[in-house]
>>> print(open('upload.tsv').read())   # TSV, C-alpha atoms
chain	number	residue	atom	x	y	z
A	853	MET	CA	-5.99	-32.14	61.00
A	854	PHE	CA	-4.68	-28.74	59.95
A	855	LYS	CA	-1.67	-30.44	58.30
A	856	TYR	CA	-3.96	-32.66	56.18
A	857	SER	CA	-6.09	-29.63	55.15
A	858	ILE	CA	-3.02	-27.83	53.85
A	859	PHE	CA	-1.93	-30.96	51.99
A	860	PHE	CA	-5.40	-31.27	50.40
A	861	CYS	CA	-5.37	-27.62	49.25
A	862	LEU	CA	-1.92	-27.97	47.73
A	863	CYS	CA	-3.02	-31.05	45.77
A	864	LEU	CA	-6.17	-29.33	44.57
A	865	CYS	CA	-4.27	-26.24	43.37
A	866	SER	CA	-1.75	-28.47	41.61
A	867	CYS	CA	-4.52	-30.30	39.74
A	868	ILE	CA	-6.22	-27.06	38.70
A	869	GLY	CA	-2.93	-25.68	37.40
A	870	ALA	CA	-2.30	-28.86	35.44
A	871	THR	CA	-5.77	-28.65	33.91
A	872	ASP	CA	-5.20	-25.02	32.90
A	873	ARG	CA	-1.88	-25.89	31.31
A	874	ARG	CA	-3.46	-28.74	29.33
A	875	SER	CA	-6.33	-26.56	28.08
A	876	LYS	CA	-4.02	-23.95	26.53
A	877	PRO	CA	-2.19	-25.21	23.41
A	878	ASP	CA	1.45	-24.25	23.26
A	879	ASN	CA	3.10	-22.73	20.19
A	880	GLN	CA	4.27	-26.12	18.97
A	881	THR	CA	0.69	-27.46	19.00
A	882	VAL	CA	-0.54	-24.42	17.07
A	883	LYS	CA	2.23	-24.90	14.49
A	884	GLU	CA	1.38	-28.59	14.12
A	885	ASN	CA	-2.32	-27.82	13.64
A	886	THR	CA	-1.45	-25.21	11.01
A	887	LEU	CA	0.71	-27.71	9.15
A	888	ILE	CA	-2.09	-30.29	9.23
A	889	SER	CA	-4.52	-27.66	7.91
A	890	ASN	CA	-2.14	-26.69	5.09
A	891	LYS	CA	-1.57	-30.32	4.15
A	892	THR	CA	-5.32	-30.89	3.97
A	893	MET	CA	-5.70	-27.80	1.77
A	894	THR	CA	-2.88	-28.96	-0.48
A	895	LYS	CA	-4.59	-32.30	-1.04
A	896	GLN	CA	-7.81	-30.57	-2.08
A	897	SER	CA	-8.60	-30.87	-5.78
A	898	ILE	CA	-10.72	-28.54	-7.86
A	899	TYR	CA	-12.80	-31.62	-8.64
A	900	ASN	CA	-13.87	-31.85	-4.98
A	901	PHE	CA	-15.97	-28.70	-5.25
A	902	THR	CA	-19.72	-28.74	-5.77
A	903	LEU	CA	-21.59	-25.49	-6.35
A	904	LYS	CA	-25.10	-24.43	-7.25
A	905	GLY	CA	-25.78	-23.57	-10.85
A	906	ILE	CA	-27.66	-20.36	-11.50
A	907	ASP	CA	-30.80	-22.49	-11.82
A	908	GLY	CA	-30.31	-23.84	-8.30
A	909	LYS	CA	-29.15	-27.33	-9.30
A	910	GLU	CA	-26.01	-28.79	-7.73
A	911	ILE	CA	-23.04	-29.07	-10.08
A	912	SER	CA	-19.94	-31.08	-9.20
A	913	LEU	CA	-16.80	-29.81	-10.91
A	914	SER	CA	-15.73	-33.45	-11.14
A	915	GLN	CA	-17.94	-33.72	-14.23
A	916	TYR	CA	-15.33	-31.62	-16.05
A	917	LYS	CA	-12.44	-34.04	-15.49
A	918	GLY	CA	-10.27	-34.36	-18.58
A	919	LYS	CA	-11.31	-30.93	-19.91
A	920	LYS	CA	-9.69	-27.51	-19.75
A	921	LEU	CA	-11.67	-24.91	-17.81
A	922	LEU	CA	-11.90	-21.13	-17.97
A	923	LEU	CA	-13.29	-19.72	-14.71
A	924	VAL	CA	-14.43	-16.09	-14.72
A	925	ASN	CA	-15.95	-13.98	-11.93
A	926	THR	CA	-18.63	-11.87	-13.60
A	927	ALA	CA	-20.82	-8.82	-12.94
A	928	SER	CA	-23.73	-7.17	-14.76
A	929	GLU	CA	-22.96	-3.49	-14.15
A	930	CYS	CA	-19.22	-3.32	-14.77
A	931	GLY	CA	-17.18	-1.62	-17.47
A	932	TYR	CA	-15.99	-5.12	-18.37
A	933	THR	CA	-19.52	-6.55	-18.62
A	934	PRO	CA	-19.39	-6.54	-22.47
A	935	GLN	CA	-16.86	-9.37	-22.07
A	936	TYR	CA	-19.94	-11.57	-21.67
A	937	GLU	CA	-20.36	-11.29	-25.43
A	938	ALA	CA	-16.76	-12.29	-26.08
A	939	LEU	CA	-17.00	-15.14	-23.55
A	940	GLN	CA	-20.07	-16.47	-25.36
A	941	LYS	CA	-18.28	-16.35	-28.72
A	942	PHE	CA	-15.24	-17.98	-27.11
A	943	HIS	CA	-17.51	-20.71	-25.76
A	944	GLU	CA	-19.03	-21.26	-29.22
A	945	LYS	CA	-15.65	-21.39	-30.94
A	946	TYR	CA	-13.60	-23.41	-28.44
A	947	GLY	CA	-16.30	-25.23	-26.49
A	948	ASP	CA	-14.96	-28.60	-27.63
A	949	LYS	CA	-11.56	-27.76	-26.08
A	950	ILE	CA	-12.37	-25.69	-23.00
A	951	VAL	CA	-15.40	-25.21	-20.74
A	952	VAL	CA	-16.34	-21.65	-19.79
A	953	LEU	CA	-17.68	-21.29	-16.23
A	954	GLY	CA	-19.07	-17.98	-15.01
A	955	PHE	CA	-19.29	-17.03	-11.32
A	956	PRO	CA	-21.37	-13.89	-10.69
A	957	ALA	CA	-20.04	-11.95	-7.69
A	958	ASN	CA	-20.84	-8.65	-6.01
A	959	ASN	CA	-17.41	-8.08	-4.46
A	960	PHE	CA	-16.28	-5.13	-6.53
A	961	GLY	CA	-18.13	-1.83	-6.66
A	962	GLY	CA	-21.48	-3.48	-5.89
A	963	GLN	CA	-21.72	-4.20	-9.62
A	964	GLU	CA	-23.67	-7.46	-9.33
A	965	PRO	CA	-26.62	-6.51	-7.10
A	966	GLY	CA	-29.21	-8.82	-8.69
A	967	ASN	CA	-30.37	-12.25	-7.59
A	968	ASP	CA	-29.69	-15.40	-9.61
A	969	GLU	CA	-32.88	-15.14	-11.65
A	970	GLN	CA	-32.21	-11.52	-12.57
A	971	ILE	CA	-28.61	-12.30	-13.51
A	972	ALA	CA	-29.63	-15.25	-15.71
A	973	THR	CA	-32.27	-13.14	-17.48
A	974	PHE	CA	-29.83	-10.26	-18.02
A	975	CYS	CA	-27.13	-12.52	-19.46
A	976	LYS	CA	-29.48	-14.37	-21.77
A	977	LYS	CA	-31.34	-11.27	-22.99
A	978	ASN	CA	-28.30	-9.04	-23.58
A	979	TYR	CA	-25.56	-11.48	-24.54
A	980	GLY	CA	-27.24	-14.77	-25.38
A	981	VAL	CA	-25.13	-16.54	-22.74
A	982	SER	CA	-25.37	-20.31	-22.96
A	983	PHE	CA	-22.18	-21.29	-21.11
A	984	GLN	CA	-22.53	-22.47	-17.52
A	985	LEU	CA	-23.28	-19.78	-14.96
A	986	PHE	CA	-23.31	-20.46	-11.23
A	987	SER	CA	-25.24	-19.04	-8.32
A	988	LYS	CA	-23.78	-15.77	-7.05
A	989	ILE	CA	-20.84	-16.25	-4.67
A	990	SER	CA	-18.10	-14.20	-3.02
A	991	VAL	CA	-14.75	-14.46	-4.78
A	992	ALA	CA	-12.66	-12.32	-2.41
A	993	GLY	CA	-12.56	-11.12	1.18
A	994	GLU	CA	-13.45	-12.81	4.46
A	995	ASP	CA	-16.43	-14.69	3.01
A	996	GLN	CA	-14.51	-15.88	-0.08
A	997	HIS	CA	-15.97	-19.11	-1.45
A	998	PRO	CA	-13.76	-22.22	-0.89
A	999	LEU	CA	-13.34	-22.64	-4.66
A	1000	TYR	CA	-11.78	-19.18	-4.92
A	1001	GLN	CA	-9.74	-19.85	-1.79
A	1002	TRP	CA	-8.26	-22.79	-3.69
A	1003	LEU	CA	-7.67	-20.69	-6.81
A	1004	SER	CA	-5.88	-17.97	-4.84
A	1005	SER	CA	-3.84	-20.04	-2.36
A	1006	LYS	CA	-0.49	-21.33	-3.58
A	1007	GLU	CA	-0.48	-23.90	-0.77
A	1008	ALA	CA	-3.62	-25.34	-2.36
A	1009	ASN	CA	-3.13	-24.88	-6.11
A	1010	GLY	CA	0.64	-25.16	-6.19
A	1011	TRP	CA	1.81	-21.71	-7.29
A	1012	ASN	CA	-0.76	-18.88	-7.47
A	1013	ASP	CA	-1.80	-16.56	-4.64
A	1014	GLN	CA	-3.65	-13.93	-6.69
A	1015	ALA	CA	-7.32	-13.54	-5.89
A	1016	PRO	CA	-9.54	-11.53	-8.25
A	1017	LYS	CA	-8.86	-7.83	-7.94
A	1018	TRP	CA	-11.94	-6.84	-9.95
A	1019	ASN	CA	-14.69	-8.36	-12.06
A	1020	PHE	CA	-13.86	-10.64	-15.00
A	1021	CYS	CA	-10.57	-12.07	-13.75
A	1022	LYS	CA	-9.78	-15.40	-15.38
A	1023	TYR	CA	-8.26	-18.69	-14.29
A	1024	ILE	CA	-7.39	-21.53	-16.66
A	1025	ILE	CA	-7.36	-25.12	-15.42
A	1026	ASN	CA	-5.71	-27.85	-17.48
A	1027	GLU	CA	-7.07	-31.32	-18.25
A	1028	ASN	CA	-5.55	-32.71	-15.04
A	1029	GLY	CA	-7.31	-30.22	-12.77
A	1030	GLU	CA	-4.17	-28.09	-12.27
A	1031	LEU	CA	-4.21	-24.31	-12.27
A	1032	LEU	CA	-2.41	-23.25	-15.43
A	1033	LYS	CA	-2.70	-19.45	-15.61
A	1034	TYR	CA	-4.25	-16.37	-14.03
A	1035	PHE	CA	-5.34	-13.36	-16.09
A	1036	GLY	CA	-6.54	-9.98	-14.86
A	1037	SER	CA	-9.80	-8.27	-15.82
A	1038	SER	CA	-8.42	-6.36	-18.80
A	1039	VAL	CA	-7.29	-9.53	-20.58
A	1040	LYS	CA	-10.01	-10.33	-23.10
A	1041	PRO	CA	-11.18	-13.88	-23.88
A	1042	PHE	CA	-9.57	-13.80	-27.33
A	1043	ASP	CA	-6.24	-12.52	-26.01
A	1044	GLU	CA	-3.41	-14.20	-27.94
A	1045	GLU	CA	-1.81	-15.79	-24.87
A	1046	LEU	CA	-5.10	-17.09	-23.54
A	1047	VAL	CA	-6.07	-18.62	-26.88
A	1048	ARG	CA	-2.64	-20.22	-27.17
A	1049	LEU	CA	-3.24	-22.04	-23.87
A	1050	VAL	CA	-6.49	-23.46	-25.23
A	1051	GLN	CA	-5.03	-24.96	-28.39
>>> encode(input="upload.tsv", output="structure tokens")
Amino acid sequence: MFKYSIFFCLCLCSCIGATDRRSKPDNQTVKENTLISNKTMTKQSIYNFTLKGIDGKEISLSQYKGKKLLLVNTASECGYTPQYEALQKFHEKYGDKIVVLGFPANNFGGQEPGNDEQIATFCKKNYGVSFQLFSKISVAGEDQHPLYQWLSSKEANGWNDQAPKWNFCKYIINENGELLKYFGSSVKPFDEELVRLVQ
């Protein structure tokens, strides 16, 4: 009887050990999962993203297929805020060639503290903004919106890993949905290189 009890205990311990080993992924499994995740990210297209417009309505970026896009993270209390005026004029001049999309964000210096309604009112009243603005999102950091993860991950967009470093950074997307160029905050909408990419 004692012999059988020992045998039973040994079997039980062996099973528990096997279960523990199965529940902990080894390094190879982790690497494989990471590769799968990266492949999924790489397959993601900018046209897969849907965001809320500043009026609360859902907007799929797929509606912009076949058009160039200029994506800008904006703020209402920044030294670069007057670029809203230039962006509006850019929109009026080149709107048939490129679509301007504004993404209010409060990531830098707390310079976009308002809600969507306040932002929309500010932009319309002070700069006559008529290009598409979106609901406020995060463009950097741990809570970075998936769209900006795509824009700042070279595994996803093919080459660029620069996330916005301040307000009014700019990304240009070509007619095929590919990221064409990244510009920092100080580059104005009518910068020679930026305009050349539009034409």
>>> atom_distance(input="upload.tsv", atom1="atom CA of A:Ala1015", atom2="atom CA of A:Gly993")
9.1 Å
>>> closest_atom_pairs(input="upload.tsv", of="stretch 1000-1049 of chain A", to="stretch 900-903 of chain A", cutoff="12 Å", atoms="only C-alpha atoms", output="CSV")
residue,atom,partner,partner_atom,distance
A:Tyr1000,CA,A:Phe901,CA,10.4
A:Gln1001,CA,A:Phe901,CA,11.4
A:Trp1002,CA,A:Phe901,CA,9.8
A:Leu1003,CA,A:Phe901,CA,11.6
A:Gly1029,CA,A:Asn900,CA,10.3
>>> write_last_selection(input="upload.tsv", atoms="C-alpha atoms", output="PDB file, in the frame of the given file")
ATOM      1  CA  TYR A1000     -11.780 -19.180  -4.920  1.00  0.00           C
ATOM      2  CA  GLN A1001      -9.740 -19.850  -1.790  1.00  0.00           C
ATOM      3  CA  TRP A1002      -8.260 -22.790  -3.690  1.00  0.00           C
ATOM      4  CA  LEU A1003      -7.670 -20.690  -6.810  1.00  0.00           C
ATOM      5  CA  GLY A1029      -7.310 -30.220 -12.770  1.00  0.00           C
TER       6      GLY A1029
END
>>> residues_around(input="upload.tsv", residues="A:Gln1014", least_positions_apart="5", cutoff="12 Å", atoms="all atoms listed in the file", output="PyMOL selection string")
chain A and resi 991-992+1000-1006+1009+1021-1023+1031+1033-1036
>>> atom_distance(input="upload.tsv", atom1="atom CA of A:Lys949", atom2="atom CA of A:Gln935")
19.6 Å
>>> axis_aligned_box(input="upload.tsv", around="stretch 911-930 of chain A", padding_each_side="4 Å", output="lines of an AutoDock Vina configuration file")
center_x = -16.7
center_y = -18.8
center_z = -14.6
size_x = 22.0
size_y = 39.0
size_z = 18.7
>>> atom_distance(input="upload.tsv", atom1="atom CA of A:Thr933", atom2="atom CA of A:Pro998")
24.4 Å
>>> closest_residue(input="upload.tsv", among="A:Gly961, A:Gly954, A:Gly966, A:Pro1041", to="A:Asn925", atoms="only C-alpha atoms")
A:Gly954
>>> closest_residue(input="upload.tsv", among="A:Ala938, A:Ala927, A:Cys975, A:Leu985", to="A:Asn958", atoms="only C-alpha atoms")
A:Ala927
>>> closest_residue(input="upload.tsv", among="A:Gln996, A:Glu1027, A:Lys945, A:Leu1032", to="A:Asn1012", atoms="only C-alpha atoms")
A:Leu1032
>>> residues_near_point(input="upload.tsv", point="(-16.8, -10.2, -19.4)", cutoff="8 Å", atoms="all atoms listed in the file", output="PDB file with C-alpha atoms, in the coordinates of the input")
ATOM      1  CA  VAL A 924     -14.430 -16.090 -14.720  1.00  0.00           C
ATOM      2  CA  THR A 926     -18.630 -11.870 -13.600  1.00  0.00           C
ATOM      3  CA  ALA A 927     -20.820  -8.820 -12.940  1.00  0.00           C
ATOM      4  CA  TYR A 932     -15.990  -5.120 -18.370  1.00  0.00           C
ATOM      5  CA  THR A 933     -19.520  -6.550 -18.620  1.00  0.00           C
ATOM      6  CA  PRO A 934     -19.390  -6.540 -22.470  1.00  0.00           C
ATOM      7  CA  GLN A 935     -16.860  -9.370 -22.070  1.00  0.00           C
ATOM      8  CA  TYR A 936     -19.940 -11.570 -21.670  1.00  0.00           C
ATOM      9  CA  GLU A 937     -20.360 -11.290 -25.430  1.00  0.00           C
ATOM     10  CA  ALA A 938     -16.760 -12.290 -26.080  1.00  0.00           C
ATOM     11  CA  LEU A 939     -17.000 -15.140 -23.550  1.00  0.00           C
ATOM     12  CA  ASN A1019     -14.690  -8.360 -12.060  1.00  0.00           C
ATOM     13  CA  PHE A1020     -13.860 -10.640 -15.000  1.00  0.00           C
ATOM     14  CA  LYS A1040     -10.010 -10.330 -23.100  1.00  0.00           C
TER      15      LYS A1040
END
>>> closest_residue(input="upload.tsv", among="A:Val1039, A:Glu1030, A:Gln1051, A:Phe983", to="A:Lys941", atoms="all atoms listed in the file")
A:Phe983
>>> closest_residue(input="upload.tsv", among="A:Phe986, A:Phe960, A:Phe974, A:Tyr979", to="A:Trp1018", atoms="only C-alpha atoms")
A:Phe960
>>> residues_around(input="upload.tsv", residues="stretch 908-913 of chain A", least_positions_apart="3", cutoff="12 Å", atoms="only C-alpha atoms", output="PyMOL selection string")
chain A and resi 897-905+916-921+923+951+953+967-969+972+984-988+999+1025+1029
>>> closest_residue(input="upload.tsv", among="A:Asn1028, A:Gln970, A:Ser1037, A:Gln896", to="A:Ala1008", atoms="only C-alpha atoms")
A:Gln896
